[in-house]
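What follows is the content of structure26.cif (mmCIF, C-alpha atoms and all ligand atoms).
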```
data_input
loop_
_atom_site.label_atom_id
_atom_site.label_comp_id
_atom_site.auth_asym_id
_atom_site.auth_seq_id
_atom_site.Cartn_x
_atom_site.Cartn_y
_atom_site.Cartn_z
CA MET A 1277 -158.20 12.33 36.19
CA THR A 1278 -160.47 14.46 38.36
CA THR A 1279 -159.77 14.70 42.10
CA SER A 1280 -162.19 12.81 44.27
CA ARG A 1281 -164.36 14.67 46.73
CA VAL A 1282 -164.32 13.97 50.45
CA PHE A 1283 -167.10 15.19 52.77
CA SER A 1284 -167.73 14.79 56.47
CA GLY A 1285 -169.79 16.43 59.19
CA ILE A 1286 -169.31 16.89 62.91
CA GLN A 1287 -171.80 18.18 65.48
CA PRO A 1288 -171.12 21.29 67.59
CA THR A 1289 -172.47 19.58 70.70
CA GLY A 1290 -169.61 20.34 73.10
CA ASP A 1291 -165.89 19.79 72.76
CA PRO A 1292 -164.81 16.59 70.98
CA HIS A 1293 -163.17 13.68 72.83
CA ILE A 1294 -160.26 11.51 71.69
CA GLY A 1295 -162.75 9.09 70.10
CA ASN A 1296 -163.93 11.87 67.77
CA PHE A 1297 -160.31 12.82 67.16
CA LEU A 1298 -158.93 9.35 66.36
CA GLY A 1299 -162.07 8.02 64.66
CA ALA A 1300 -162.74 11.07 62.52
CA ILE A 1301 -160.83 14.37 62.87
CA GLN A 1302 -157.37 12.84 62.37
CA ASN A 1303 -158.58 11.40 59.08
CA TYR A 1304 -160.16 14.67 57.99
CA VAL A 1305 -156.69 16.18 58.32
CA ARG A 1306 -155.02 13.36 56.38
CA MET A 1307 -157.59 13.44 53.59
CA GLN A 1308 -157.13 17.16 52.91
CA ASP A 1309 -154.20 16.24 50.73
CA GLY A 1310 -154.87 14.59 47.42
CA HIS A 1311 -158.63 15.18 47.63
CA ASP A 1312 -161.06 18.02 47.34
CA ALA A 1313 -162.07 17.91 51.00
CA VAL A 1314 -165.21 19.57 52.39
CA TYR A 1315 -165.88 19.58 56.16
CA CYS A 1316 -169.05 20.82 57.75
CA ILE A 1317 -169.97 21.77 61.32
CA VAL A 1318 -173.50 20.41 61.39
CA ASP A 1319 -175.46 22.84 63.54
CA LEU A 1320 -178.77 21.83 61.92
CA HIS A 1321 -178.18 18.31 63.24
CA ALA A 1322 -177.32 19.66 66.70
CA ILE A 1323 -180.77 21.18 67.22
CA THR A 1324 -182.50 17.80 66.96
CA VAL A 1325 -181.89 17.84 70.73
CA PRO A 1326 -182.87 21.20 72.33
CA LYS A 1327 -179.84 23.42 72.92
CA ASP A 1328 -179.15 26.69 74.71
CA PRO A 1329 -178.75 29.26 71.87
CA GLU A 1330 -175.69 31.02 73.31
CA GLU A 1331 -174.04 27.70 74.02
CA LEU A 1332 -174.69 26.45 70.48
CA ARG A 1333 -173.18 29.64 69.00
CA ALA A 1334 -170.10 29.40 71.25
CA ASN A 1335 -169.68 25.66 70.60
CA THR A 1336 -169.84 26.19 66.84
CA LEU A 1337 -167.03 28.75 66.90
CA ARG A 1338 -164.94 26.67 69.33
CA LEU A 1339 -165.31 23.56 67.19
CA ALA A 1340 -164.16 25.50 64.10
CA GLN A 1341 -161.11 26.68 66.04
CA LEU A 1342 -160.38 23.21 67.37
CA LEU A 1343 -160.63 21.69 63.88
CA MET A 1344 -158.22 24.31 62.56
CA ALA A 1345 -155.90 23.75 65.53
CA SER A 1346 -155.98 20.01 64.71
CA GLY A 1347 -154.67 20.74 61.23
CA LEU A 1348 -157.62 21.58 58.99
CA ASP A 1349 -156.31 24.36 56.82
CA PRO A 1350 -158.96 26.61 55.24
CA GLU A 1351 -156.55 27.08 52.31
CA ARG A 1352 -156.38 23.35 51.61
CA CYS A 1353 -159.95 22.33 52.43
CA THR A 1354 -163.42 23.82 52.66
CA LEU A 1355 -164.54 24.27 56.27
CA PHE A 1356 -167.96 25.78 56.91
CA VAL A 1357 -171.09 25.83 59.06
CA GLN A 1358 -174.09 23.88 57.78
CA SER A 1359 -176.72 26.59 58.42
CA HIS A 1360 -174.67 29.03 56.30
CA VAL A 1361 -175.49 26.94 53.21
CA PRO A 1362 -179.30 26.80 52.94
CA GLU A 1363 -179.22 24.03 50.32
CA HIS A 1364 -178.60 21.49 53.13
CA ALA A 1365 -182.06 22.06 54.60
CA GLN A 1366 -183.59 22.26 51.13
CA LEU A 1367 -182.12 18.99 49.88
CA GLY A 1368 -182.89 17.50 53.31
CA TRP A 1369 -186.58 17.81 52.52
CA LEU A 1370 -186.14 16.01 49.19
CA MET A 1371 -184.35 13.24 51.09
CA GLU A 1372 -187.28 12.98 53.50
CA GLY A 1373 -189.35 12.07 50.45
CA THR A 1374 -186.73 9.50 49.44
CA VAL A 1375 -186.02 7.47 52.58
CA SER A 1376 -188.80 5.49 54.24
CA PHE A 1377 -190.32 5.53 57.71
CA GLY A 1378 -189.28 1.88 58.06
CA GLU A 1379 -185.65 2.64 57.21
CA LEU A 1380 -185.50 5.52 59.70
CA SER A 1381 -187.11 3.32 62.37
CA ARG A 1382 -184.26 0.84 62.05
CA MET A 1383 -181.50 3.39 62.75
CA THR A 1384 -179.78 2.34 65.97
CA GLN A 1385 -178.54 5.86 66.82
CA PHE A 1386 -182.14 7.08 66.88
CA LYS A 1387 -183.17 4.19 69.09
CA GLU A 1388 -180.36 4.92 71.56
CA LYS A 1389 -180.77 8.70 71.65
CA GLY A 1390 -184.58 8.47 71.56
CA ASP A 1391 -184.63 6.10 74.53
CA ARG A 1392 -182.41 8.45 76.54
CA SER A 1393 -184.34 11.68 75.88
CA GLU A 1394 -187.49 12.99 77.49
CA PHE A 1395 -188.43 15.05 74.43
CA VAL A 1396 -187.96 13.20 71.14
CA SER A 1397 -188.11 15.70 68.28
CA ALA A 1398 -189.29 14.79 64.77
CA GLY A 1399 -185.85 15.95 63.59
CA LEU A 1400 -184.08 13.36 65.72
CA PHE A 1401 -186.02 10.74 63.79
CA THR A 1402 -185.43 12.19 60.29
CA TYR A 1403 -181.80 13.17 61.09
CA PRO A 1404 -180.29 10.56 58.70
CA ALA A 1405 -182.24 12.08 55.77
CA LEU A 1406 -180.50 15.41 56.41
CA GLN A 1407 -177.19 13.58 56.74
CA ALA A 1408 -177.78 11.99 53.32
CA ALA A 1409 -178.47 15.47 51.92
CA ASP A 1410 -175.22 16.80 53.42
CA ILE A 1411 -173.22 14.13 51.65
CA LEU A 1412 -175.05 14.02 48.32
CA LEU A 1413 -175.02 17.82 47.96
CA TYR A 1414 -171.29 17.73 47.13
CA ASP A 1415 -171.11 14.79 44.67
CA THR A 1416 -169.12 13.11 47.44
CA ASN A 1417 -166.98 10.05 46.73
CA PHE A 1418 -165.61 9.36 50.23
CA VAL A 1419 -166.92 10.03 53.74
CA PRO A 1420 -164.45 9.65 56.65
CA VAL A 1421 -166.38 8.66 59.79
CA GLY A 1422 -166.13 6.48 62.90
CA ASP A 1423 -167.61 3.01 63.00
CA ASP A 1424 -170.90 4.20 64.58
CA GLN A 1425 -171.84 5.98 61.33
CA ARG A 1426 -171.78 2.84 59.17
CA GLN A 1427 -175.57 2.45 59.17
CA HIS A 1428 -176.21 6.12 58.32
CA LEU A 1429 -173.78 5.89 55.43
CA GLU A 1430 -175.52 2.79 54.10
CA LEU A 1431 -178.80 4.74 54.17
CA SER A 1432 -177.18 7.66 52.29
CA ARG A 1433 -176.05 5.24 49.58
CA ASP A 1434 -179.54 3.72 49.35
CA ALA A 1435 -181.09 7.20 49.16
CA ALA A 1436 -178.76 8.20 46.30
CA GLN A 1437 -179.52 5.03 44.36
CA ARG A 1438 -183.28 5.28 44.92
CA PHE A 1439 -183.39 8.93 43.85
CA ASN A 1440 -181.30 8.12 40.76
CA SER A 1441 -183.57 5.27 39.74
CA ARG A 1442 -186.75 7.29 40.31
CA TYR A 1443 -185.70 10.57 38.71
CA GLY A 1444 -182.65 9.79 36.58
CA GLU A 1445 -178.93 10.07 37.28
CA THR A 1446 -178.58 12.86 39.87
CA PHE A 1447 -176.27 11.89 42.73
CA VAL A 1448 -172.87 10.26 43.15
CA VAL A 1449 -173.15 7.16 45.38
CA PRO A 1450 -170.72 7.77 48.29
CA GLU A 1451 -168.47 5.33 50.13
CA HIS A 1452 -167.54 5.46 53.79
CA VAL A 1453 -163.90 5.52 54.93
CA ILE A 1454 -163.58 3.98 58.38
CA PRO A 1455 -160.09 3.96 59.91
CA PRO A 1456 -158.50 0.50 60.35
CA VAL A 1457 -157.48 1.38 63.91
CA ALA A 1458 -159.52 3.29 66.56
CA ALA A 1459 -162.74 3.44 64.53
CA ARG A 1460 -164.51 2.80 67.82
CA VAL A 1461 -162.62 4.16 70.81
CA MET A 1462 -164.08 2.72 74.01
CA ASP A 1463 -164.76 4.32 77.39
CA LEU A 1464 -161.66 3.97 79.63
CA GLN A 1465 -163.78 2.92 82.61
CA ARG A 1466 -166.36 0.86 80.77
CA PRO A 1467 -164.45 -0.61 77.83
CA ASP A 1468 -167.53 -2.42 76.51
CA ASP A 1469 -169.16 0.95 75.75
CA LYS A 1470 -168.21 3.46 73.07
CA MET A 1471 -166.49 6.61 74.35
CA SER A 1472 -169.20 9.26 74.07
CA LYS A 1473 -169.91 12.83 75.18
CA SER A 1474 -172.96 11.50 76.95
CA ALA A 1475 -170.91 8.97 78.95
CA ALA A 1476 -172.07 8.36 82.49
CA ALA A 1477 -168.60 7.99 84.03
CA GLU A 1478 -166.49 11.10 83.50
CA ASN A 1479 -163.27 9.22 84.20
CA GLY A 1480 -163.81 7.09 81.12
CA LEU A 1481 -163.98 10.10 78.78
CA VAL A 1482 -160.88 11.99 77.57
CA MET A 1483 -161.57 15.35 75.97
CA MET A 1484 -159.30 16.94 73.36
CA LEU A 1485 -159.03 20.13 75.40
CA GLU A 1486 -158.65 18.46 78.75
CA ASP A 1487 -155.89 19.40 81.17
CA LEU A 1488 -152.88 17.20 80.28
CA LYS A 1489 -152.34 16.10 83.90
CA SER A 1490 -155.91 14.94 84.11
CA ILE A 1491 -155.46 12.95 80.87
CA GLU A 1492 -152.44 11.22 82.37
CA LYS A 1493 -154.43 10.26 85.47
CA LYS A 1494 -157.34 8.89 83.47
CA PHE A 1495 -155.07 6.58 81.45
CA LYS A 1496 -153.34 5.37 84.61
CA ARG A 1497 -156.73 4.47 86.09
CA ALA A 1498 -158.04 2.87 82.90
CA VAL A 1499 -159.91 -0.38 83.51
CA THR A 1500 -158.12 -3.48 82.16
CA ASP A 1501 -158.62 -7.05 83.42
CA SER A 1502 -157.07 -9.46 85.87
CA ASP A 1503 -155.26 -11.97 83.64
CA GLY A 1504 -152.15 -9.78 83.37
CA GLU A 1505 -151.32 -10.54 79.74
CA VAL A 1506 -150.94 -7.81 77.10
CA ARG A 1507 -152.67 -9.25 74.05
CA TRP A 1508 -154.72 -7.82 71.16
CA ASP A 1509 -158.17 -9.34 71.67
CA PRO A 1510 -161.00 -6.77 71.51
CA GLU A 1511 -163.67 -9.41 72.25
CA ASN A 1512 -162.22 -10.80 75.45
CA LYS A 1513 -159.79 -8.08 76.51
CA ALA A 1514 -161.68 -4.88 75.70
CA GLY A 1515 -159.77 -2.56 78.06
CA VAL A 1516 -156.25 -3.62 77.05
CA SER A 1517 -157.17 -3.71 73.34
CA ASN A 1518 -158.64 -0.23 73.61
CA LEU A 1519 -155.35 1.11 75.01
CA LEU A 1520 -153.44 -0.67 72.23
CA SER A 1521 -155.65 0.80 69.55
CA ILE A 1522 -155.43 4.32 71.00
CA LEU A 1523 -151.62 4.02 71.13
CA GLY A 1524 -151.63 2.53 67.63
CA ALA A 1525 -153.81 5.29 66.16
CA VAL A 1526 -151.79 8.09 67.76
CA THR A 1527 -148.37 6.69 66.76
CA ASP A 1528 -149.46 5.16 63.44
CA GLN A 1529 -148.60 1.58 64.41
CA ASP A 1530 -150.44 -1.73 64.27
CA PRO A 1531 -151.96 -2.56 67.71
CA LYS A 1532 -151.15 -6.27 67.23
CA ASN A 1533 -147.45 -5.47 66.83
CA LEU A 1534 -147.57 -3.09 69.77
CA ALA A 1535 -149.01 -5.84 71.99
CA GLU A 1536 -145.84 -7.86 71.48
CA GLN A 1537 -143.72 -5.03 72.86
CA TYR A 1538 -145.44 -4.97 76.27
CA THR A 1539 -145.57 -7.38 79.17
CA GLN A 1540 -147.14 -5.08 81.75
CA TYR A 1541 -150.32 -3.05 81.81
CA GLY A 1542 -148.61 -0.23 83.73
CA ALA A 1543 -146.07 0.50 80.98
CA LEU A 1544 -148.76 0.32 78.29
CA LYS A 1545 -150.89 2.86 80.18
CA VAL A 1546 -147.96 5.24 80.70
CA ASP A 1547 -146.88 5.09 77.05
CA THR A 1548 -150.43 5.55 75.78
CA ALA A 1549 -150.93 8.59 78.02
CA GLU A 1550 -147.60 10.05 76.86
CA ALA A 1551 -148.40 9.56 73.19
CA VAL A 1552 -151.86 11.12 73.53
CA ILE A 1553 -150.43 14.08 75.45
CA ALA A 1554 -147.68 14.58 72.86
CA LYS A 1555 -150.38 14.77 70.18
CA LEU A 1556 -152.87 16.95 72.04
CA GLY A 1557 -150.43 19.39 73.68
CA PRO A 1558 -149.56 21.30 70.48
CA ILE A 1559 -153.21 21.22 69.34
CA GLN A 1560 -154.28 22.82 72.63
CA GLN A 1561 -151.62 25.49 72.19
CA ARG A 1562 -152.74 26.37 68.66
CA PHE A 1563 -156.35 26.38 69.83
CA ALA A 1564 -155.53 28.98 72.51
CA GLU A 1565 -153.87 31.17 69.86
CA LEU A 1566 -156.86 30.93 67.51
CA GLN A 1567 -159.24 31.80 70.34
CA ALA A 1568 -157.62 35.22 70.57
CA ASP A 1569 -159.15 36.22 67.22
CA PRO A 1570 -162.76 35.01 66.85
CA ALA A 1571 -163.45 37.54 64.07
CA GLU A 1572 -160.80 35.86 61.92
CA THR A 1573 -162.40 32.44 62.51
CA SER A 1574 -165.78 33.85 61.48
CA ARG A 1575 -164.23 35.35 58.36
CA LEU A 1576 -162.69 32.00 57.39
CA LEU A 1577 -166.02 30.24 57.97
CA ARG A 1578 -167.80 32.74 55.71
CA LEU A 1579 -165.24 32.11 52.97
CA GLY A 1580 -165.73 28.36 53.51
CA ALA A 1581 -169.50 28.71 53.10
CA GLU A 1582 -169.01 30.66 49.86
CA LYS A 1583 -166.78 27.91 48.47
CA ALA A 1584 -169.24 25.22 49.60
CA ARG A 1585 -172.17 27.01 47.95
CA GLU A 1586 -170.42 27.01 44.60
CA VAL A 1587 -170.90 23.23 44.53
CA ALA A 1588 -174.10 22.95 46.60
CA THR A 1589 -176.16 25.27 44.39
CA VAL A 1590 -175.25 23.31 41.25
CA VAL A 1591 -176.11 19.91 42.74
CA TYR A 1592 -179.31 21.18 44.35
CA GLU A 1593 -180.40 22.67 41.02
CA ARG A 1594 -179.84 19.28 39.37
CA ALA A 1595 -181.95 17.52 42.02
CA ARG A 1596 -184.68 20.17 41.89
CA THR A 1597 -184.98 19.96 38.13
CA ASN A 1598 -184.96 16.15 38.04
CA ILE A 1599 -187.65 15.83 40.71
CA GLY A 1600 -189.97 18.07 38.69
CA PHE A 1601 -190.15 21.40 40.52
CA LEU A 1602 -191.28 24.22 38.23
CA GLN A 1603 -188.56 26.72 37.38
CA PRO A 1604 -189.33 30.01 39.25
P1 LIG B 1 -170.68 11.33 70.61
O1 LIG B 1 -171.19 9.92 70.60
O2 LIG B 1 -169.44 11.47 71.37
O3 LIG B 1 -171.73 12.31 71.06
P2 LIG B 1 -171.33 11.63 67.90
O4 LIG B 1 -170.99 10.48 67.02
O5 LIG B 1 -172.75 11.64 68.38
O6 LIG B 1 -170.32 11.72 69.10
P3 LIG B 1 -170.11 13.78 66.38
O7 LIG B 1 -169.45 14.69 67.34
O8 LIG B 1 -170.76 14.44 65.22
O9 LIG B 1 -171.24 12.98 67.12
O10 LIG B 1 -169.08 12.69 65.84
C1 LIG B 1 -168.05 13.05 64.98
C2 LIG B 1 -167.32 11.85 64.47
O11 LIG B 1 -166.71 11.14 65.56
C3 LIG B 1 -168.19 10.81 63.74
O12 LIG B 1 -167.56 10.49 62.53
C4 LIG B 1 -168.22 9.62 64.66
O13 LIG B 1 -168.30 8.41 63.96
C5 LIG B 1 -166.89 9.74 65.38
N1 LIG B 1 -166.92 9.11 66.71
C6 LIG B 1 -167.77 9.39 67.73
N2 LIG B 1 -167.48 8.64 68.81
C7 LIG B 1 -166.42 7.87 68.46
C8 LIG B 1 -165.64 6.87 69.15
N3 LIG B 1 -165.88 6.54 70.40
N4 LIG B 1 -164.61 6.27 68.49
C9 LIG B 1 -164.33 6.61 67.20
N5 LIG B 1 -165.02 7.52 66.50
C10 LIG B 1 -166.05 8.16 67.11
N1 LIG B 2 -174.43 11.91 62.00
C1 LIG B 2 -173.07 12.26 62.24
C2 LIG B 2 -172.76 13.71 61.93
C3 LIG B 2 -173.02 14.03 60.48
C4 LIG B 2 -172.26 13.56 59.36
C5 LIG B 2 -172.86 14.15 58.22
C6 LIG B 2 -171.16 12.70 59.22
C7 LIG B 2 -174.01 14.84 60.01
N2 LIG B 2 -173.92 14.91 58.64
C8 LIG B 2 -172.39 13.87 56.93
C9 LIG B 2 -170.70 12.44 57.93
C10 LIG B 2 -171.30 13.02 56.79
C11 LIG B 2 -172.81 11.95 63.72
O1 LIG B 2 -173.71 11.84 64.50
N3 LIG B 2 -171.58 11.82 64.08
#
```

Show this structure as structure tokens.
Amino acid sequence: MTTSRVFSGIQPTGDPHIGNFLGAIQNYVRMQDGHDAVYCIVDLHAITVPKDPEELRANTLRLAQLLMASGLDPERCTLFVQSHVPEHAQLGWLMEGTVSFGELSRMTQFKEKGDRSEFVSAGLFTYPALQAADILLYDTNFVPVGDDQRQHLELSRDAAQRFNSRYGETFVVPEHVIPPVAARVMDLQRPDDKMSKSAAAENGLVMMLEDLKSIEKKFKRAVTDSDGEVRWDPENKAGVSNLLSILGAVTDQDPKNLAEQYTQYGALKVDTAEAVIAKLGPIQQRFAELQADPAETSRLLRLGAEKAREVATVVYERARTNIGFLQP
């Protein structure tokens, strides 16, 4: 039996928060074993919103170091930067000919980000076509992502099927892997909203590299409700259920079972903070060590890009031939 391929992408748009960690990064680490796992820092996606060049460069390196500190091992997986593998942009264009204007118009992430921005780039609109290219370029079977990526993954599947039926069997149709717990970590202050880097209230957002004391404070101040009962009920008790799912995801337990072990919000908040700190402390330490040698990180990323290209060039060639481009 051949090993299945896993692919995922993450944007270098500032340090990740615990939502990114629990919804995605933690699963990247788990899926390294038993799969051929390919992880990509998607800088091409990041420029769909204008960025300061020096900041983008620094964020890309930092994210690579943070992913390694979290447990991604360049020996056991392929970790690389999207712009180092030109086939992403090339296949992206073929995908722009495959997905429709109507489909892209229905993407909720575009609607949200587009509404928030003053300058709406064409790339922000066609972003999911490039995402489809990322995934299809590696004959990907499984894509670990958070819940907010469901719609983009559906579009990637549709794009693969449409291309295959137009031009003959070319792409593997991928499946998403969304974690059963913490697929949508909510803001600690506004538990009806997703935790996001662009959050309005800073106290609701917990960053992976945040000072551990500050993390403790934020959990203690987390918004709950006034009925005083610890119960798993995301619809009606968003704040409490969010704490239960964070604790569950960090300690690998079922949030419903955890709910039965608590009678007071205070104890739940303290234990959740402790568990998150116990997880992030060692990651922060490894990150600091890796930061001491940026040249080594760059070397590992170059090796990652070489490994990625071995697959990407073959799949791109297949797509290019099937679509009818003349051989140079
Ligand atoms: P953000 O909304 O914070 O800017 P993003 O989704 O726009 O994040 P990325 O940094 O590329 O951009 O996200 C990386 C991964 O983190 C994706 O798989 C995404 O689904 C996941 N993710 C983002 N926010 C959350 C969250 N609040 N809970 C769980 N998973 C999340
Ligand atoms: N769109 C994703 C990031 C992303 C991605 C990918 C995720 C770009 N390409 C390929 C999975 C597979 C986001 O906004 N989080």

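Among A:Lys1389, A:Lys1489, A:Lys1513, A:Arg1460, the residue with the shortest atom-to-atom distance to Ala1300 (chain A), counting all atoms listed in the file, is A:Arg1460.
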
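With only C-alpha atoms and all ligand atoms as the atoms that count, the minimum distance from ligand LIG 2 (chain B) to the choices A:Val1314, A:Val1591, A:Ala1340, A:Val1506 is reached by A:Val1314.
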
Could you name the residues that touch His1428 (chain A) at 9 Å or less, counting all atoms listed in the file, but leaving out those on the same chain fewer than 3 positions away, as a ChimeraX atom specification? /A:1383,1385,1404-1405,1407-1408,1424-1425,1431-1433

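Of the residues under consideration (A:Arg1426, A:Arg1497, A:Lys1545, A:Arg1438), A:Arg1426 shows the shortest atom-to-atom contact distance to ligand LIG 1 (chain B) when counting all atoms listed in the file.
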
Which chain A residues have any atom within 6 Å of an atom of ligand LIG 1 (chain B), and for each, what is the nearest pair of atoms with distance in Å to one decimal, counting only C-alpha atoms and all ligand atoms, rows sorted by chain and number, as a Markdown table?
```
| residue | atom | partner | partner_atom | distance |
| --- | --- | --- | --- | --- |
| A:Ile1286 | CA | B:LIG1 | O8 | 3.7 |
| A:Gln1287 | CA | B:LIG1 | O8 | 3.9 |
| A:Gly1295 | CA | B:LIG1 | N4 | 3.7 |
| A:Asn1296 | CA | B:LIG1 | O11 | 3.6 |
| A:Gly1299 | CA | B:LIG1 | N5 | 3.5 |
| A:Ala1300 | CA | B:LIG1 | O12 | 4.9 |
| A:Val1421 | CA | B:LIG1 | O12 | 3.5 |
| A:Gly1422 | CA | B:LIG1 | O13 | 3.1 |
| A:Asp1423 | CA | B:LIG1 | O13 | 5.5 |
| A:Asp1424 | CA | B:LIG1 | O13 | 5.0 |
| A:Gln1425 | CA | B:LIG1 | O13 | 5.0 |
| A:Ala1458 | CA | B:LIG1 | C9 | 5.9 |
| A:Ala1459 | CA | B:LIG1 | C9 | 4.4 |
| A:Arg1460 | CA | B:LIG1 | N4 | 3.5 |
| A:Val1461 | CA | B:LIG1 | N4 | 3.7 |
| A:Met1462 | CA | B:LIG1 | N3 | 5.6 |
| A:Lys1470 | CA | B:LIG1 | N3 | 4.7 |
| A:Met1471 | CA | B:LIG1 | N3 | 4.0 |
| A:Ser1472 | CA | B:LIG1 | O2 | 3.5 |
| A:Lys1473 | CA | B:LIG1 | O2 | 4.1 |
```

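The space between CA of Ser1381 (chain A) and CA of Thr1402 (chain A) spans 9.3 Å.
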
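Coordinates place CA of Asn1335 (chain A) at a distance of 22.2 Å from CA of Ala1477 (chain A).
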
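Each of A:Leu1602, A:Phe1401, A:Asp1530, A:Cys1353 was compared to Arg1382 (chain A) using only C-alpha atoms, and A:Phe1401 turns out to be the nearest.
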
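With all atoms listed in the file as the atoms that count, the residue of A:Leu1429, A:Leu1298, A:Phe1439, A:Ala1514 with the shortest distance to Pro1467 (chain A) is A:Ala1514.
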
Can you rebuild region 1411-1426 of chain A with N, CA and C atoms and give it as an mmCIF file, in the coordinates of the input?
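And here's result15.cif as it stands now:
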```
data_model
loop_
_atom_site.group_PDB
_atom_site.id
_atom_site.type_symbol
_atom_site.label_atom_id
_atom_site.label_comp_id
_atom_site.auth_asym_id
_atom_site.auth_seq_id
_atom_site.Cartn_x
_atom_site.Cartn_y
_atom_site.Cartn_z
ATOM 1 N N ILE A 1411 -174.228 14.873 52.418
ATOM 2 C CA ILE A 1411 -173.220 14.130 51.650
ATOM 3 C C ILE A 1411 -173.471 14.260 50.153
ATOM 4 N N LEU A 1412 -174.746 14.066 49.752
ATOM 5 C CA LEU A 1412 -175.050 14.020 48.320
ATOM 6 C C LEU A 1412 -174.940 15.394 47.659
ATOM 7 N N LEU A 1413 -175.075 16.442 48.460
ATOM 8 C CA LEU A 1413 -175.020 17.820 47.960
ATOM 9 C C LEU A 1413 -173.661 18.186 47.354
ATOM 10 N N TYR A 1414 -172.642 17.387 47.615
ATOM 11 C CA TYR A 1414 -171.290 17.730 47.130
ATOM 12 C C TYR A 1414 -170.740 16.699 46.153
ATOM 13 N N ASP A 1415 -171.601 15.851 45.572
ATOM 14 C CA ASP A 1415 -171.110 14.790 44.670
ATOM 15 C C ASP A 1415 -169.947 14.044 45.333
ATOM 16 N N THR A 1416 -170.176 13.690 46.607
ATOM 17 C CA THR A 1416 -169.120 13.110 47.440
ATOM 18 C C THR A 1416 -168.753 11.688 47.039
ATOM 19 N N ASN A 1417 -167.447 11.423 46.972
ATOM 20 C CA ASN A 1417 -166.980 10.050 46.730
ATOM 21 C C ASN A 1417 -166.705 9.327 48.047
ATOM 22 N N PHE A 1418 -166.039 10.024 48.993
ATOM 23 C CA PHE A 1418 -165.610 9.360 50.230
ATOM 24 C C PHE A 1418 -166.024 10.145 51.479
ATOM 25 N N VAL A 1419 -166.472 9.402 52.496
ATOM 26 C CA VAL A 1419 -166.920 10.030 53.740
ATOM 27 C C VAL A 1419 -166.159 9.436 54.923
ATOM 28 N N PRO A 1420 -165.147 10.155 55.459
ATOM 29 C CA PRO A 1420 -164.450 9.650 56.650
ATOM 30 C C PRO A 1420 -165.322 9.797 57.898
ATOM 31 N N VAL A 1421 -165.564 8.676 58.567
ATOM 32 C CA VAL A 1421 -166.380 8.660 59.790
ATOM 33 C C VAL A 1421 -165.898 7.547 60.706
ATOM 34 N N GLY A 1422 -166.355 7.581 61.965
ATOM 35 C CA GLY A 1422 -166.130 6.480 62.900
ATOM 36 C C GLY A 1422 -167.101 5.352 62.610
ATOM 37 N N ASP A 1423 -166.843 4.225 63.247
ATOM 38 C CA ASP A 1423 -167.610 3.010 63.000
ATOM 39 C C ASP A 1423 -169.120 3.185 63.264
ATOM 40 N N ASP A 1424 -169.481 4.053 64.230
ATOM 41 C CA ASP A 1424 -170.900 4.200 64.580
ATOM 42 C C ASP A 1424 -171.743 4.808 63.461
ATOM 43 N N GLN A 1425 -171.096 5.344 62.424
ATOM 44 C CA GLN A 1425 -171.840 5.980 61.330
ATOM 45 C C GLN A 1425 -172.084 5.056 60.132
ATOM 46 N N ARG A 1426 -171.639 3.818 60.236
ATOM 47 C CA ARG A 1426 -171.780 2.840 59.170
ATOM 48 C C ARG A 1426 -173.223 2.767 58.618
#
```
